[in-house]
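**Student:** Provided herewith is a single structure, encoded as structure tokens, for subsequent inquiry.
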Amino acid sequence: MSDAPNTPHPLIALRVNYKNAYDAAAMFVYLISLYGWGLWIYPLGRDYEHLANSGADMPFLARQLFSFEVKTFGANPVGYHAVNIGLMYACMILIYHFVNKSAKGLWWFGTLAASLFMANPVHSETMHNLSGVADLVPCLAGLIALTVYAWNTEKPGKFRQAMALVSACLTAGLYRDNAALGLVLVAYELLVVRKESRSVARGIVIGALAIVAAIIGGQFSHLGEFDLRQMFAPLYLVFYPIGFLPKTIESMHERMWLVGLSIAALSLVIALIHRKARRPEFIFAIVSMLLLRIVPSPREVDLVHMIGGGQLLLPNVLFMLGFIIIVFRIMDHPRWRVPMITITTTLVIVFFVMQWRSLKTWSDAGKYVRDFQTQAREMSQSGEALGVLPNFQNYKGAPLALSESISYDTPFSTRIEHVSLLPVNRPVIDSPQQWIVSWSESGGEVALPKIEEARRYFYFPRAERITFNESLSLKLIWGDAMPDAMIKVVPQDNGELRVLIEGADLPKVLLPGNVTRKETNSETKSNADNQ
């Protein structure tokens with residue numbers, strides 16, 4: 001009598017028989033378990049300007065979608081965040097298919113790539129800002145173009161060819177972040193498509209027409225405004241998504257040879273990996289990340305706090321493809337299959353923990369901003385202009401941007417007359433220390449609490465323009481919105497920085513600082529908290 005056939009576990013049978021649907025459901029669970037906690041995060045930073053103009057300065061489709069959100073959800077942050085979650089889920093589904101079509105490896109590679117992409121802290125602002133559609137819509141368009149092109153190379157046909165052409169031209173022509181997509185598609189044809197299916201003419205035609213569409217759409221209008229640091233340095237954050245230490249940025253700024261040494265070392269590592277992997281898809285991923293950054297973006301990326309990292313979404317997709325290729329190559333060795341599953345699972349968990357920490361930070365920052373708005377409304381009733389001193393900007397990657405939160409009439413804010421006096425980053429959100437030493441209409445003195453290292457880059461958003469013991473115009477450092485006043489930053493023997501401000505007719509009412517400074521025994525946490 002023969003043994004009865006083994007019956008697989010119901011979940012395993014479900015995974016085998018309905019792998020696409022099963023993986024889609026699993027990715028949705030991962031997404032909700034991570035970002036569901038952030039549905040009530042209060043608007044921060046860039047949100048207020050976008051809310052005030054209903055997204056008028058956003059790209060096509062993102063503008064219309066955000067305008068709809070403002071009209072529909074008003075002052076309910078849950079609706080805005082739910083839309084972000086929906087768009088992120090669509091991106092994950094496309095990454096799943098794009099990676100699986102390109103890598104042609106184990107099916108769960110697509111789920112791994114999508115999950116790591118979704119949880120990468122480099123673009124936390126995309127999910128935590130109410131206005132995340134400004135980043136998600138261009139990324140989604142780019143993913144549609146990449147996935148359709150990969151689909152067409154896998155199963156060529158006139159309809160798929162037409163879809164690939166149309167999606168590539170629309171994506172490159174409408175979105176500056178995707179302006180160089182045509183070059184990426186040519187690279188895909190040359191490096192990813194198998195020889196038996198490769199058509200160089202197809203790649204050149206579609207790629208060239210996409211470039212023409214980007215030129216017609218004006219996406220290359222800023223091509224000559226090269227800032228190599230801002231173009232390519234942020235890519236490092238994609239695989240080092242915790243931000244640089246202020247001390248590191250200061251060292252790089254003062255010793256350019258370190259930058260050259262870092263680039264040489266990174267290039268050597270990439271060359272060695274490629275030599276071992278022997279998979280051209282890896283080089284495609286690295287080259288394409290660089291290609292997508294050749295068109296300068298009007299938004300800078302803060303290398304310490306990672307504000308502006310939302311523009312790195314599509315490069316992150318390509319980085320995930322390169323990472324999957326490395327995993328695939330290592331798992332060719334039977335002894336490494338189980339360890340690699342353990343390593344990649346651990347990496348996903350680490351990214352989730354980092355993102356939960358980011359959610360907590362943004363939630364705390366939102367509460368601080370909301371309290372600041374309440375105090376500002378109460379203090380503005382006197383009729384006097386309000387001075388925002390210090391004007392806190394970033395807190396561990398969350399954009400406090402206090403002045404922004406009272407600059408516009410939106411469902412979440414009221415415009416209040418104010419003057420920004422000293423934009424600084426805030427090291428600890430609940431510090432009991434008082435920052436204002438003295439103040440009058442002609443200026444005063446601010447004490448920045450003691451920290452350990454990199455004082456300029458730790459506190460000042462534009463630290464490269466700050467010179468110790470030298471009087472500088474506020475407008476020269478932070479722009480024309482600042483008052484006609486002079487600033488001098490003086491280091492103290494105890495490690496503090498004293499900021500002297502001199503001007504005329506400056507506001508007497510200050511928030512959030514206090515005029516009387518009380519000495520405390522509390523110590524501001526070190527700059528390691530940024531990490």
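If you're wondering about the labels, chains in the structure tokens are A, B, ... by order shown, residues count from 1 in each chain, ligands from 1 in order shown.
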I'd like the neighbourhood of Ile326 (chain A) as a PyMOL selection string, where a residue qualifies if any of its atoms comes within 7 Å (using only C-alpha atoms), though same-chain residues fewer than 4 positions away should be ignored.

**Tutor:** chain A and resi 277+322+330

**Student:** Can I get the selected residues back with N, CA and C atoms, as a PDB file, in the first residue's frame?

**Tutor:**
ATOM      1  N   ALA A 277      30.338  39.581  -9.211  1.00  0.00           N
ATOM      2  CA  ALA A 277      28.945  39.268  -9.546  1.00  0.00           C
ATOM      3  C   ALA A 277      28.804  38.815 -10.990  1.00  0.00           C
ATOM      4  N   GLY A 322      20.021  46.679  -8.067  1.00  0.00           N
ATOM      5  CA  GLY A 322      21.421  46.294  -7.924  1.00  0.00           C
ATOM      6  C   GLY A 322      21.656  45.429  -6.697  1.00  0.00           C
ATOM      7  N   ILE A 330      25.086  35.841  -4.777  1.00  0.00           N
ATOM      8  CA  ILE A 330      25.601  35.148  -3.594  1.00  0.00           C
ATOM      9  C   ILE A 330      24.851  33.841  -3.363  1.00  0.00           C
TER      10      ILE A 330
END

**Student:** Which neighbours of region 99-115 of chain A fall inside 7 Å, counting only C-alpha atoms, when residues of the same chain fewer than 3 positions from it are skipped, and could you give them as a list in words?

**Tutor:**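 Counting only the stated atoms, we get Asp23, Met27, Met92, Ile95, Tyr96, Met118, Ala119, Ala150, Val192, Met320, Leu321, Ile324, Ile325 and Phe328 of chain A.
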
**Student:** Take the selection from the previous step and output its residues with N, CA and C atoms, as a PDB file, in the first residue's frame.

**Tutor:**
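Dumped everything to part.pdb:
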ATOM      1  N   ASP A  23       1.693  37.772  -2.718  1.00  0.00           N
ATOM      2  CA  ASP A  23       2.749  38.745  -2.451  1.00  0.00           C
ATOM      3  C   ASP A  23       2.191  40.157  -2.368  1.00  0.00           C
ATOM      4  N   MET A  27       2.681  42.499   0.895  1.00  0.00           N
ATOM      5  CA  MET A  27       3.281  43.830   0.844  1.00  0.00           C
ATOM      6  C   MET A  27       2.346  44.891   1.424  1.00  0.00           C
ATOM      7  N   MET A  92       5.121  49.964  -4.936  1.00  0.00           N
ATOM      8  CA  MET A  92       5.638  48.666  -4.506  1.00  0.00           C
ATOM      9  C   MET A  92       5.238  47.559  -5.479  1.00  0.00           C
ATOM     10  N   ILE A  95       7.445  47.918  -8.511  1.00  0.00           N
ATOM     11  CA  ILE A  95       8.816  47.483  -8.207  1.00  0.00           C
ATOM     12  C   ILE A  95       8.889  45.962  -8.190  1.00  0.00           C
ATOM     13  N   TYR A  96       7.899  45.344  -7.602  1.00  0.00           N
ATOM     14  CA  TYR A  96       7.819  43.883  -7.538  1.00  0.00           C
ATOM     15  C   TYR A  96       7.931  43.273  -8.935  1.00  0.00           C
ATOM     16  N   MET A 118      10.239  50.683   0.313  1.00  0.00           N
ATOM     17  CA  MET A 118       9.177  51.335   1.077  1.00  0.00           C
ATOM     18  C   MET A 118       9.649  51.829   2.432  1.00  0.00           C
ATOM     19  N   ALA A 119      10.569  51.080   3.063  1.00  0.00           N
ATOM     20  CA  ALA A 119      10.985  51.408   4.429  1.00  0.00           C
ATOM     21  C   ALA A 119      12.254  52.236   4.496  1.00  0.00           C
ATOM     22  N   ALA A 150      10.312  47.009 -19.650  1.00  0.00           N
ATOM     23  CA  ALA A 150      10.799  45.655 -19.345  1.00  0.00           C
ATOM     24  C   ALA A 150       9.821  44.610 -19.853  1.00  0.00           C
ATOM     25  N   VAL A 192      20.684  44.904 -19.660  1.00  0.00           N
ATOM     26  CA  VAL A 192      19.769  43.998 -18.966  1.00  0.00           C
ATOM     27  C   VAL A 192      19.117  42.993 -19.911  1.00  0.00           C
ATOM     28  N   MET A 320      17.836  49.255  -5.436  1.00  0.00           N
ATOM     29  CA  MET A 320      17.273  47.997  -4.963  1.00  0.00           C
ATOM     30  C   MET A 320      17.462  46.887  -5.985  1.00  0.00           C
ATOM     31  N   LEU A 321      17.362  47.210  -7.275  1.00  0.00           N
ATOM     32  CA  LEU A 321      17.630  46.209  -8.306  1.00  0.00           C
ATOM     33  C   LEU A 321      19.078  45.732  -8.214  1.00  0.00           C
ATOM     34  N   ILE A 324      19.476  43.448  -5.240  1.00  0.00           N
ATOM     35  CA  ILE A 324      18.902  42.129  -5.491  1.00  0.00           C
ATOM     36  C   ILE A 324      19.830  41.287  -6.367  1.00  0.00           C
ATOM     37  N   ILE A 325      20.485  41.924  -7.325  1.00  0.00           N
ATOM     38  CA  ILE A 325      21.423  41.192  -8.176  1.00  0.00           C
ATOM     39  C   ILE A 325      22.566  40.618  -7.337  1.00  0.00           C
ATOM     40  N   PHE A 328      21.174  37.690  -5.396  1.00  0.00           N
ATOM     41  CA  PHE A 328      20.975  36.585  -6.331  1.00  0.00           C
ATOM     42  C   PHE A 328      22.300  35.866  -6.612  1.00  0.00           C
TER      43      PHE A 328
END

**Student:** Find the spatial neighbours of Val350 (chain A), counting only C-alpha atoms, within a cut-off of 12 Å - ignore same-chain residues fewer than 3 positions away - and output them as a PyMOL selection string.

**Tutor:** chain A and resi 115-116+119-121+241-242+343-347+353-357

**Student:** So that I have them on file, write out the residues from the current selection with N, CA, C and O atoms, as a PDB file, in the first residue's frame.

**Tutor:**
ATOM      1  N   SER A 115       9.848  45.986  -0.329  1.00  0.00           N
ATOM      2  CA  SER A 115       9.771  46.250   1.115  1.00  0.00           C
ATOM      3  C   SER A 115      10.921  47.140   1.572  1.00  0.00           C
ATOM      4  O   SER A 115      10.723  48.064   2.366  1.00  0.00           O
ATOM      5  N   LEU A 116      12.132  46.874   1.076  1.00  0.00           N
ATOM      6  CA  LEU A 116      13.269  47.712   1.438  1.00  0.00           C
ATOM      7  C   LEU A 116      13.108  49.121   0.885  1.00  0.00           C
ATOM      8  O   LEU A 116      13.454  50.101   1.551  1.00  0.00           O
ATOM      9  N   ALA A 119      10.569  51.080   3.063  1.00  0.00           N
ATOM     10  CA  ALA A 119      10.985  51.408   4.429  1.00  0.00           C
ATOM     11  C   ALA A 119      12.254  52.236   4.496  1.00  0.00           C
ATOM     12  O   ALA A 119      12.684  52.606   5.583  1.00  0.00           O
ATOM     13  N   ASN A 120      12.872  52.546   3.363  1.00  0.00           N
ATOM     14  CA  ASN A 120      14.145  53.270   3.381  1.00  0.00           C
ATOM     15  C   ASN A 120      13.967  54.664   3.986  1.00  0.00           C
ATOM     16  O   ASN A 120      13.193  55.473   3.473  1.00  0.00           O
ATOM     17  N   PRO A 121      14.677  54.987   5.063  1.00  0.00           N
ATOM     18  CA  PRO A 121      14.498  56.294   5.717  1.00  0.00           C
ATOM     19  C   PRO A 121      14.952  57.489   4.886  1.00  0.00           C
ATOM     20  O   PRO A 121      14.662  58.629   5.257  1.00  0.00           O
ATOM     21  N   PRO A 241      21.187  55.310   4.872  1.00  0.00           N
ATOM     22  CA  PRO A 241      20.016  56.169   5.100  1.00  0.00           C
ATOM     23  C   PRO A 241      19.842  56.651   6.535  1.00  0.00           C
ATOM     24  O   PRO A 241      18.744  56.612   7.082  1.00  0.00           O
ATOM     25  N   ILE A 242      20.930  57.117   7.158  1.00  0.00           N
ATOM     26  CA  ILE A 242      20.801  57.695   8.497  1.00  0.00           C
ATOM     27  C   ILE A 242      21.336  59.114   8.525  1.00  0.00           C
ATOM     28  O   ILE A 242      21.300  59.768   9.561  1.00  0.00           O
ATOM     29  N   ILE A 343      19.943  37.217   6.501  1.00  0.00           N
ATOM     30  CA  ILE A 343      20.522  38.561   6.430  1.00  0.00           C
ATOM     31  C   ILE A 343      19.519  39.559   5.850  1.00  0.00           C
ATOM     32  O   ILE A 343      19.329  40.660   6.389  1.00  0.00           O
ATOM     33  N   THR A 344      18.872  39.199   4.752  1.00  0.00           N
ATOM     34  CA  THR A 344      17.921  40.127   4.129  1.00  0.00           C
ATOM     35  C   THR A 344      16.696  40.359   5.008  1.00  0.00           C
ATOM     36  O   THR A 344      16.181  41.479   5.068  1.00  0.00           O
ATOM     37  N   THR A 345      16.254  39.319   5.702  1.00  0.00           N
ATOM     38  CA  THR A 345      15.125  39.493   6.633  1.00  0.00           C
ATOM     39  C   THR A 345      15.512  40.444   7.760  1.00  0.00           C
ATOM     40  O   THR A 345      14.726  41.329   8.143  1.00  0.00           O
ATOM     41  N   THR A 346      16.729  40.278   8.278  1.00  0.00           N
ATOM     42  CA  THR A 346      17.215  41.176   9.334  1.00  0.00           C
ATOM     43  C   THR A 346      17.300  42.610   8.831  1.00  0.00           C
ATOM     44  O   THR A 346      16.949  43.557   9.555  1.00  0.00           O
ATOM     45  N   LEU A 347      17.751  42.790   7.585  1.00  0.00           N
ATOM     46  CA  LEU A 347      17.853  44.134   7.015  1.00  0.00           C
ATOM     47  C   LEU A 347      16.491  44.798   6.922  1.00  0.00           C
ATOM     48  O   LEU A 347      16.344  45.997   7.219  1.00  0.00           O
ATOM     49  N   VAL A 353      12.524  49.295  11.920  1.00  0.00           N
ATOM     50  CA  VAL A 353      12.791  49.938  13.215  1.00  0.00           C
ATOM     51  C   VAL A 353      13.231  51.380  13.010  1.00  0.00           C
ATOM     52  O   VAL A 353      12.785  52.295  13.733  1.00  0.00           O
ATOM     53  N   MET A 354      14.098  51.619  12.037  1.00  0.00           N
ATOM     54  CA  MET A 354      14.540  52.989  11.742  1.00  0.00           C
ATOM     55  C   MET A 354      13.368  53.864  11.327  1.00  0.00           C
ATOM     56  O   MET A 354      13.279  55.038  11.706  1.00  0.00           O
ATOM     57  N   GLN A 355      12.458  53.305  10.542  1.00  0.00           N
ATOM     58  CA  GLN A 355      11.312  54.093  10.097  1.00  0.00           C
ATOM     59  C   GLN A 355      10.332  54.349  11.226  1.00  0.00           C
ATOM     60  O   GLN A 355       9.724  55.418  11.300  1.00  0.00           O
ATOM     61  N   TRP A 356      10.172  53.386  12.140  1.00  0.00           N
ATOM     62  CA  TRP A 356       9.329  53.631  13.318  1.00  0.00           C
ATOM     63  C   TRP A 356       9.918  54.758  14.166  1.00  0.00           C
ATOM     64  O   TRP A 356       9.174  55.587  14.708  1.00  0.00           O
ATOM     65  N   ARG A 357      11.233  54.780  14.291  1.00  0.00           N
ATOM     66  CA  ARG A 357      11.886  55.873  15.026  1.00  0.00           C
ATOM     67  C   ARG A 357      11.624  57.206  14.324  1.00  0.00           C
ATOM     68  O   ARG A 357      11.369  58.220  14.966  1.00  0.00           O
TER      69      ARG A 357
END

**Student:** Separation of CA of Lys450 (chain A) and CA of Phe392 (chain A), in Å?

**Tutor:** 16.6 Å

**Student:** Taking the DSSP secondary structure from the backbone, can you list the residues of region 257-492 of chain A that are strand (DSSP E or B), as a ChimeraX atom specification?

**Tutor:** /A:386-389,391-392,394-395,398-399,410,413,418-420,423-424,436-440,443-448,468,472-473,485-491

**Student:** Show me a table, sorted first by chain and then by increasing residue number, of the residues of region 390-421 of chain A having an atom at most 12 Å from region 361-371 of chain A, each with its shortest atom pair and the distance in Å to one decimal, counting only C-alpha atoms and written as a Markdown table.

**Tutor:**
| residue | atom | partner | partner_atom | distance |
| --- | --- | --- | --- | --- |
| A:Asn391 | CA | A:Val369 | CA | 11.4 |
| A:Phe392 | CA | A:Val369 | CA | 9.9 |
| A:Gln393 | CA | A:Ala365 | CA | 10.5 |
| A:Asn394 | CA | A:Ala365 | CA | 9.1 |
| A:Tyr395 | CA | A:Ala365 | CA | 7.3 |
| A:Lys396 | CA | A:Thr361 | CA | 7.1 |
| A:Gly397 | CA | A:Thr361 | CA | 7.8 |
| A:Ala398 | CA | A:Trp362 | CA | 5.3 |
| A:Pro399 | CA | A:Ala365 | CA | 7.7 |
| A:Leu400 | CA | A:Ala365 | CA | 6.1 |
| A:Ala401 | CA | A:Val369 | CA | 8.3 |
| A:Leu402 | CA | A:Val369 | CA | 6.6 |
| A:Ser403 | CA | A:Val369 | CA | 9.8 |
| A:Glu404 | CA | A:Val369 | CA | 10.0 |
| A:Ser405 | CA | A:Val369 | CA | 7.2 |
| A:Ile406 | CA | A:Val369 | CA | 9.6 |
| A:Phe412 | CA | A:Arg370 | CA | 8.9 |
| A:Ser413 | CA | A:Arg370 | CA | 8.8 |
| A:Thr414 | CA | A:Arg370 | CA | 11.4 |

**Student:** Write a file of the just-selected residues containing N, CA, C and O atoms, as an mmCIF file, in the first residue's frame.

**Tutor:**
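Generated output (selection20.cif):
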data_model
loop_
_atom_site.group_PDB
_atom_site.id
_atom_site.type_symbol
_atom_site.label_atom_id
_atom_site.label_comp_id
_atom_site.auth_asym_id
_atom_site.auth_seq_id
_atom_site.Cartn_x
_atom_site.Cartn_y
_atom_site.Cartn_z
ATOM 1 N N ASN A 391 14.415 80.490 15.291
ATOM 2 C CA ASN A 391 13.490 79.925 14.309
ATOM 3 C C ASN A 391 13.949 78.506 14.004
ATOM 4 O O ASN A 391 14.706 78.267 13.076
ATOM 5 N N PHE A 392 13.484 77.554 14.813
ATOM 6 C CA PHE A 392 13.954 76.183 14.694
ATOM 7 C C PHE A 392 13.584 75.589 13.336
ATOM 8 O O PHE A 392 12.454 75.710 12.875
ATOM 9 N N GLN A 393 14.558 74.907 12.708
ATOM 10 C CA GLN A 393 14.370 74.348 11.378
ATOM 11 C C GLN A 393 14.215 72.824 11.410
ATOM 12 O O GLN A 393 13.130 72.317 11.217
ATOM 13 N N ASN A 394 15.282 72.115 11.652
ATOM 14 C CA ASN A 394 15.239 70.653 11.587
ATOM 15 C C ASN A 394 15.512 70.030 12.949
ATOM 16 O O ASN A 394 16.348 70.518 13.705
ATOM 17 N N TYR A 395 14.805 68.945 13.205
ATOM 18 C CA TYR A 395 15.007 68.183 14.441
ATOM 19 C C TYR A 395 15.114 66.690 14.091
ATOM 20 O O TYR A 395 14.120 66.053 13.756
ATOM 21 N N LYS A 396 16.333 66.178 14.075
ATOM 22 C CA LYS A 396 16.571 64.758 13.788
ATOM 23 C C LYS A 396 15.883 64.292 12.507
ATOM 24 O O LYS A 396 15.310 63.201 12.452
ATOM 25 N N GLY A 397 15.885 65.107 11.476
ATOM 26 C CA GLY A 397 15.288 64.709 10.210
ATOM 27 C C GLY A 397 13.865 65.163 10.017
ATOM 28 O O GLY A 397 13.297 64.979 8.933
ATOM 29 N N ALA A 398 13.251 65.763 11.034
ATOM 30 C CA ALA A 398 11.889 66.290 10.903
ATOM 31 C C ALA A 398 11.966 67.810 10.743
ATOM 32 O O ALA A 398 12.612 68.484 11.553
ATOM 33 N N PRO A 399 11.323 68.379 9.723
ATOM 34 C CA PRO A 399 11.425 69.822 9.463
ATOM 35 C C PRO A 399 10.467 70.634 10.341
ATOM 36 O O PRO A 399 9.320 70.870 9.971
ATOM 37 N N LEU A 400 10.944 71.081 11.508
ATOM 38 C CA LEU A 400 10.109 71.930 12.363
ATOM 39 C C LEU A 400 9.678 73.194 11.618
ATOM 40 O O LEU A 400 8.493 73.533 11.597
ATOM 41 N N ALA A 401 10.643 73.910 11.014
ATOM 42 C CA ALA A 401 10.375 75.088 10.171
ATOM 43 C C ALA A 401 9.282 75.964 10.780
ATOM 44 O O ALA A 401 8.223 76.174 10.189
ATOM 45 N N LEU A 402 9.537 76.493 11.978
ATOM 46 C CA LEU A 402 8.504 77.225 12.724
ATOM 47 C C LEU A 402 7.919 78.387 11.937
ATOM 48 O O LEU A 402 6.710 78.610 11.931
ATOM 49 N N SER A 403 8.781 79.151 11.268
ATOM 50 C CA SER A 403 8.292 80.307 10.516
ATOM 51 C C SER A 403 7.316 79.897 9.421
ATOM 52 O O SER A 403 6.329 80.585 9.158
ATOM 53 N N GLU A 404 7.582 78.760 8.777
ATOM 54 C CA GLU A 404 6.688 78.278 7.717
ATOM 55 C C GLU A 404 5.288 77.998 8.264
ATOM 56 O O GLU A 404 4.293 78.202 7.572
ATOM 57 N N SER A 405 5.212 77.521 9.490
ATOM 58 C CA SER A 405 3.920 77.098 10.044
ATOM 59 C C SER A 405 2.994 78.261 10.368
ATOM 60 O O SER A 405 1.813 78.045 10.658
ATOM 61 N N ILE A 406 3.511 79.515 10.348
ATOM 62 C CA ILE A 406 2.641 80.678 10.579
ATOM 63 C C ILE A 406 2.762 81.686 9.433
ATOM 64 O O ILE A 406 2.449 82.863 9.601
ATOM 65 N N PHE A 412 -4.694 74.131 8.328
ATOM 66 C CA PHE A 412 -3.966 73.790 9.549
ATOM 67 C C PHE A 412 -3.287 74.997 10.191
ATOM 68 O O PHE A 412 -2.667 74.849 11.248
ATOM 69 N N SER A 413 -3.353 76.175 9.580
ATOM 70 C CA SER A 413 -2.577 77.299 10.107
ATOM 71 C C SER A 413 -3.231 78.625 9.766
ATOM 72 O O SER A 413 -4.049 78.728 8.841
ATOM 73 N N THR A 414 -2.840 79.649 10.524
ATOM 74 C CA THR A 414 -3.280 81.024 10.291
ATOM 75 C C THR A 414 -2.049 81.886 10.055
ATOM 76 O O THR A 414 -1.054 81.773 10.787
#

**Student:** From region 63-292 of chain A, collect each residue whose DSSP state is alpha helix (DSSP H) and return the set as number ranges by chain.

**Tutor:** A: 63-73, 77-103, 108-119, 124-128, 133-154, 158-174, 181-191, 200-216, 228-232, 236-239, 246-254, 256-277, 280-291

**Student:** Per residue of region 235-353 of chain A within 9 Å of region 136-148 of chain A, record the nearest atom pair and its distance in Å to one decimal, counting only C-alpha atoms, with rows in chain order and ascending residue number, as CSV.

**Tutor:**
residue,atom,partner,partner_atom,distance
A:Gly310,CA,A:Leu136,CA,8.1
A:Gln311,CA,A:Cys139,CA,8.5
A:Leu312,CA,A:Cys139,CA,8.9
A:Leu313,CA,A:Cys139,CA,6.1
A:Leu314,CA,A:Cys139,CA,5.5
A:Val317,CA,A:Leu143,CA,8.4

**Student:** Take the residues from that selection and write them out as an mmCIF file, in the first residue's frame, keeping all heavy atoms.

**Tutor:**
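In the end it all went to again-v2.cif:
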data_model
loop_
_atom_site.group_PDB
_atom_site.id
_atom_site.type_symbol
_atom_site.label_atom_id
_atom_site.label_comp_id
_atom_site.auth_asym_id
_atom_site.auth_seq_id
_atom_site.Cartn_x
_atom_site.Cartn_y
_atom_site.Cartn_z
ATOM 1 N N GLY A 310 13.092 63.029 -0.816
ATOM 2 C CA GLY A 310 11.999 62.479 -1.623
ATOM 3 C C GLY A 310 12.316 62.412 -3.098
ATOM 4 O O GLY A 310 11.727 61.607 -3.837
ATOM 5 N N GLN A 311 13.245 63.244 -3.559
ATOM 6 C CA GLN A 311 13.609 63.229 -4.981
ATOM 7 C C GLN A 311 14.489 62.032 -5.329
ATOM 8 O O GLN A 311 14.826 61.835 -6.497
ATOM 9 C CB GLN A 311 14.334 64.521 -5.357
ATOM 10 C CG GLN A 311 15.617 64.765 -4.595
ATOM 11 C CD GLN A 311 16.179 66.152 -4.804
ATOM 12 O OE1 GLN A 311 16.944 66.370 -5.726
ATOM 13 N NE2 GLN A 311 15.784 67.103 -3.961
ATOM 14 N N LEU A 312 14.851 61.216 -4.343
ATOM 15 C CA LEU A 312 15.694 60.047 -4.579
ATOM 16 C C LEU A 312 14.891 58.758 -4.704
ATOM 17 O O LEU A 312 15.459 57.665 -4.688
ATOM 18 C CB LEU A 312 16.707 59.902 -3.436
ATOM 19 C CG LEU A 312 17.649 61.080 -3.201
ATOM 20 C CD1 LEU A 312 18.515 60.826 -1.975
ATOM 21 C CD2 LEU A 312 18.525 61.331 -4.419
ATOM 22 N N LEU A 313 13.594 58.859 -4.864
ATOM 23 C CA LEU A 313 12.758 57.662 -4.926
ATOM 24 C C LEU A 313 13.137 56.749 -6.089
ATOM 25 O O LEU A 313 13.381 55.554 -5.900
ATOM 26 C CB LEU A 313 11.277 58.066 -5.039
ATOM 27 C CG LEU A 313 10.596 58.519 -3.750
ATOM 28 C CD1 LEU A 313 9.251 59.168 -4.066
ATOM 29 C CD2 LEU A 313 10.393 57.351 -2.798
ATOM 30 N N LEU A 314 13.175 57.289 -7.302
ATOM 31 C CA LEU A 314 13.462 56.438 -8.456
ATOM 32 C C LEU A 314 14.904 55.925 -8.442
ATOM 33 O O LEU A 314 15.136 54.749 -8.756
ATOM 34 C CB LEU A 314 13.159 57.188 -9.756
ATOM 35 C CG LEU A 314 12.924 56.292 -10.986
ATOM 36 C CD1 LEU A 314 11.800 55.299 -10.724
ATOM 37 C CD2 LEU A 314 12.597 57.127 -12.212
ATOM 38 N N VAL A 317 14.909 52.902 -6.399
ATOM 39 C CA VAL A 317 14.387 51.712 -7.081
ATOM 40 C C VAL A 317 15.525 50.981 -7.794
ATOM 41 O O VAL A 317 15.654 49.751 -7.702
ATOM 42 C CB VAL A 317 13.296 52.106 -8.093
ATOM 43 C CG1 VAL A 317 12.884 50.899 -8.931
ATOM 44 C CG2 VAL A 317 12.079 52.675 -7.385
#

**Student:** Considering only C-alpha atoms, can you say which of A:Leu245, A:Ala271, A:Ala214, A:Ile85 comes closest to Leu39 (chain A)?

**Tutor:** A:Ile85

**Student:** Which residue, A:Gly443, A:Pro449, A:His128, A:Leu209, has the smallest gap to Val428 (chain A) when you use only C-alpha atoms?

**Tutor:**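 For Val428 (chain A), the nearest of the given residues is A:Pro449.
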
**Student:** Name the residues in contact with Pro461 (chain A) at a cut-off of 8 Å, using only C-alpha atoms, excluding same-chain residues fewer than 2 positions from it; report them as a PyMOL selection string.

**Tutor:** chain A and resi 393+423-425+457+459+463

**Student:** Do a neighbour search on Phe68 (chain A) at 12 Å with only C-alpha atoms, toss out local chain neighbours closer than 4 positions, and write the hits as a list in words.

**Tutor:**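 Selected residues are Leu51, Ser54, Gly55, Ala56, Leu61, Ala62, Arg63, Gln64, Thr72, Phe73, Gly74, Gly79, Tyr80, Val83, Ser131 and Val133 of chain A.
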
**Student:** Between CA of Arg337 (chain A) and CA of Phe284 (chain A), what is the distance in Å, rounded to a tenth?

**Tutor:**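 Atom-to-atom, CA of Arg337 (chain A) to CA of Phe284 (chain A), that is 24.4 Å.
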
**Student:** In Å, with one decimal, what is the gap from CA of Tyr236 (chain A) to CA of Lys276 (chain A)?

**Tutor:** 21.7 Å
